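Reproduced below: final-v9.cif, with mmCIF, C-alpha atoms.
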```cif
data_protein
#
loop_
_atom_site.label_atom_id
_atom_site.label_comp_id
_atom_site.auth_asym_id
_atom_site.auth_seq_id
_atom_site.Cartn_x
_atom_site.Cartn_y
_atom_site.Cartn_z
CA MET A 1 -4.94 4.98 9.18
CA HIS A 2 -5.88 3.41 12.51
CA ILE A 3 -4.99 -0.25 12.98
CA GLU A 4 -5.26 -2.10 16.25
CA HIS A 5 -4.63 -5.81 16.70
CA LEU A 6 -6.03 -7.72 19.63
CA SER A 7 -2.62 -8.57 21.02
CA LYS A 8 -1.49 -4.93 20.61
CA CYS A 9 1.23 -5.83 18.10
CA LEU A 10 -0.17 -3.23 15.65
CA VAL A 11 -1.20 0.22 16.78
CA TYR A 12 -1.79 3.27 14.57
CA GLY A 13 0.08 1.97 11.51
CA LYS A 14 3.15 0.98 13.52
CA ILE A 15 4.20 -2.42 14.71
CA LEU A 16 5.42 -2.77 18.26
CA LEU A 17 8.73 -4.58 18.51
CA LYS A 18 10.80 -5.49 21.56
CA ASP A 19 13.17 -2.62 20.82
CA GLY A 20 10.53 -0.03 19.88
CA ALA A 21 8.03 0.61 17.10
CA ALA A 22 8.54 0.30 13.35
CA LYS A 23 6.49 1.94 10.62
CA VAL A 24 4.48 -0.43 8.44
CA THR A 25 4.42 -0.14 4.64
CA CYS A 26 2.06 -3.04 3.87
CA MET A 27 0.54 -6.17 5.36
CA ALA A 28 -1.53 -9.23 4.38
CA TRP A 29 -3.26 -12.26 5.88
CA SER A 30 -2.80 -15.68 4.30
CA GLN A 31 -5.94 -17.27 2.87
CA ASN A 32 -6.11 -19.84 5.66
CA ASN A 33 -5.72 -17.01 8.24
CA ALA A 34 -2.80 -18.84 9.87
CA LYS A 35 -0.11 -16.36 8.82
CA PHE A 36 0.05 -12.57 8.88
CA ALA A 37 2.85 -10.75 7.04
CA VAL A 38 3.91 -7.21 7.88
CA CYS A 39 6.53 -5.24 5.91
CA THR A 40 8.31 -2.38 7.65
CA VAL A 41 10.15 0.67 6.34
CA ASP A 42 13.35 -1.24 7.14
CA ARG A 43 12.46 -3.61 4.25
CA VAL A 44 11.96 -6.53 6.65
CA VAL A 45 9.04 -8.95 6.46
CA LEU A 46 7.72 -10.06 9.85
CA LEU A 47 5.56 -13.19 9.97
CA TYR A 48 3.00 -13.69 12.73
CA ASP A 49 0.76 -16.59 13.64
CA GLU A 50 -3.02 -16.34 14.08
CA HIS A 51 -2.55 -15.38 17.75
CA GLY A 52 -0.37 -12.34 16.95
CA GLU A 53 2.91 -13.95 18.04
CA ARG A 54 5.91 -13.18 15.84
CA ARG A 55 7.19 -16.48 14.49
CA ASP A 56 9.62 -15.51 11.74
CA LYS A 57 11.25 -12.66 9.85
CA PHE A 58 13.41 -12.13 6.79
CA SER A 59 14.98 -9.24 4.90
CA THR A 60 14.04 -8.40 1.35
CA LYS A 61 16.57 -7.89 -1.44
CA PRO A 62 17.01 -5.00 -3.89
CA ALA A 63 16.68 -5.64 -7.61
CA ASP A 64 20.29 -4.56 -8.09
CA MET A 65 22.84 -4.43 -5.25
CA LYS A 66 24.83 -1.67 -6.98
CA TYR A 67 22.15 0.82 -5.85
CA GLY A 68 22.37 -0.36 -2.24
CA ARG A 69 20.01 -1.87 0.29
CA LYS A 70 18.14 1.39 0.91
CA SER A 71 17.34 2.12 -2.74
CA TYR A 72 13.76 0.78 -2.62
CA MET A 73 10.64 0.43 -0.49
CA VAL A 74 8.32 -2.54 -0.13
CA LYS A 75 4.86 -1.43 -1.27
CA GLY A 76 2.84 -4.64 -1.55
CA VAL A 77 2.61 -8.13 -0.14
CA ALA A 78 0.36 -11.08 -1.02
CA PHE A 79 0.23 -14.76 -0.07
CA SER A 80 -0.21 -17.66 -2.47
CA PRO A 81 -3.46 -19.65 -2.07
CA ASP A 82 -1.63 -22.43 -0.18
CA SER A 83 0.21 -19.90 2.07
CA THR A 84 3.65 -21.35 1.26
CA LYS A 85 4.80 -18.44 -0.93
CA ILE A 86 4.68 -14.69 -0.54
CA ALA A 87 4.99 -12.04 -3.26
CA ILE A 88 6.76 -8.79 -2.39
CA GLY A 89 6.27 -5.76 -4.66
CA GLN A 90 9.03 -3.16 -4.50
CA THR A 91 9.57 0.37 -5.83
CA ASP A 92 12.72 -0.72 -7.69
CA ASN A 93 10.47 -2.24 -10.40
CA ILE A 94 10.58 -5.85 -9.28
CA ILE A 95 8.29 -8.37 -7.66
CA TYR A 96 10.00 -11.19 -5.79
CA VAL A 97 8.20 -14.40 -4.86
CA TYR A 98 9.68 -16.00 -1.74
CA LYS A 99 9.12 -19.61 -0.78
CA ILE A 100 8.40 -19.40 2.96
CA GLY A 101 7.43 -23.04 3.44
CA GLU A 102 4.63 -24.69 5.39
CA ASP A 103 6.29 -24.64 8.81
CA TRP A 104 7.66 -21.75 10.85
CA GLY A 105 11.42 -21.53 10.60
CA ASP A 106 11.64 -22.98 7.08
CA LYS A 107 14.32 -21.32 4.98
CA LYS A 108 13.08 -18.29 3.00
CA VAL A 109 14.32 -18.36 -0.58
CA ILE A 110 13.47 -16.40 -3.72
CA CYS A 111 11.78 -18.78 -6.15
CA ASN A 112 10.67 -16.24 -8.81
CA LYS A 113 11.33 -12.66 -9.77
CA PHE A 114 9.33 -10.52 -12.13
CA ILE A 115 11.03 -7.40 -13.46
CA GLN A 116 8.51 -4.67 -14.23
CA THR A 117 8.79 -1.92 -16.85
CA VAL A 118 6.77 0.50 -14.71
CA LYS A 119 6.74 1.33 -11.00
CA PHE A 120 4.94 -1.20 -8.81
CA ARG A 121 1.47 -0.13 -7.66
CA PRO A 122 -0.25 -2.31 -5.09
CA VAL A 123 -3.58 -3.83 -6.07
CA PRO A 124 -5.78 -5.36 -3.33
CA GLY A 125 -6.09 -9.13 -3.49
CA ARG A 126 -4.10 -12.32 -3.33
CA LEU A 127 -1.94 -14.43 -5.61
CA GLY A 128 -3.65 -17.17 -7.48
#
```
As structure tokens, what does this structure read like?
Amino acid sequence: MHIEHLSKCLVYGKILLKDGAAKVTCMAWSQNNAKFAVCTVDRVVLLYDEHGERRDKFSTKPADMKYGRKSYMVKGVAFSPDSTKIAIGQTDNIIYVYKIGEDWGDKKVICNKFIQTVKFRPVPGRLG
């Protein structure tokens, strides 16, 4: 897959960070095109503004801590219609919905979790 962003933050399926490049597992634009979410293999969600500047980041959580932080991968991400929540689909059979707020820097908290009986498979589209 070849991905290239105008500000060169994404190149060839990797995201360029200050300390190197990170592999990308999934990404999504918000419906108002003001926010861009990128999930890396490190299970971190990076949030960018419409100009490609990184504005925020947060770590995802496993469904059960007894299996450890590296027991899952993030496979899907989708914004809510109002761009204040983000759903994260994981391979440990859970979908977390995080409240990310309207402004950059707002606290990121889990507001819903949906335990699945089968492995998560990403489906193109948005919440709503």
Discussion item. Since I can't run it myself right now, could you work out what the PyMOL selection byres ((chain A and resi 109-117) around 12) selects here and report it as a PyMOL selection string?
Written reply: chain A and resi 58-64+84-101+105-108+118-121
Practice prompt. Rounded to one decimal place, report the atom CA of Ser80 of chain A-atom CA of Arg54 of chain A distance in Å.
Written response: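 A separation of 19.8 Å between them.
Candidate residues A:Glu102, A:Val77, A:Gly52, A:Asp82 were compared for distance to Val24 of chain A, and the nearest is A:Val77, using only C-alpha atoms.
When the distance limit is 9 Å and all atoms listed in the file are what count, the residues near Asp49 of chain A, minus those fewer than 5 positions from it on the same chain, are Asn33, Ala34, Lys35, Phe36, Arg54 and Arg55 of chain A.
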Fill in: Within-10 Å shell of (12.0, -8.0, 5.9) in input frame, only C-alpha atoms, as an MDAnalysis selection string
chainID A and resid 37:47 56:61 74 88
Discussion item. If I take atom CA of Pro81 of chain A and atom CA of Trp29 of chain A, how far is one from the other in Å, to one decimal?
Written reply: 10.9 Å
Fill in: Between atom CA of Glu53 of chain A and atom CA of Ala78 of chain A, distance in Å (one decimal)
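Separation between atom CA of Glu53 of chain A and atom CA of Ala78 of chain A: 19.4 Å.
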Fill in: Nearest to Lys23 of chain A by atom-to-atom distance, counting only C-alpha atoms, from A:Phe79, A:Trp104, A:Met73, A:Gly68
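With only C-alpha atoms as the atom set, the closest residue is A:Met73.
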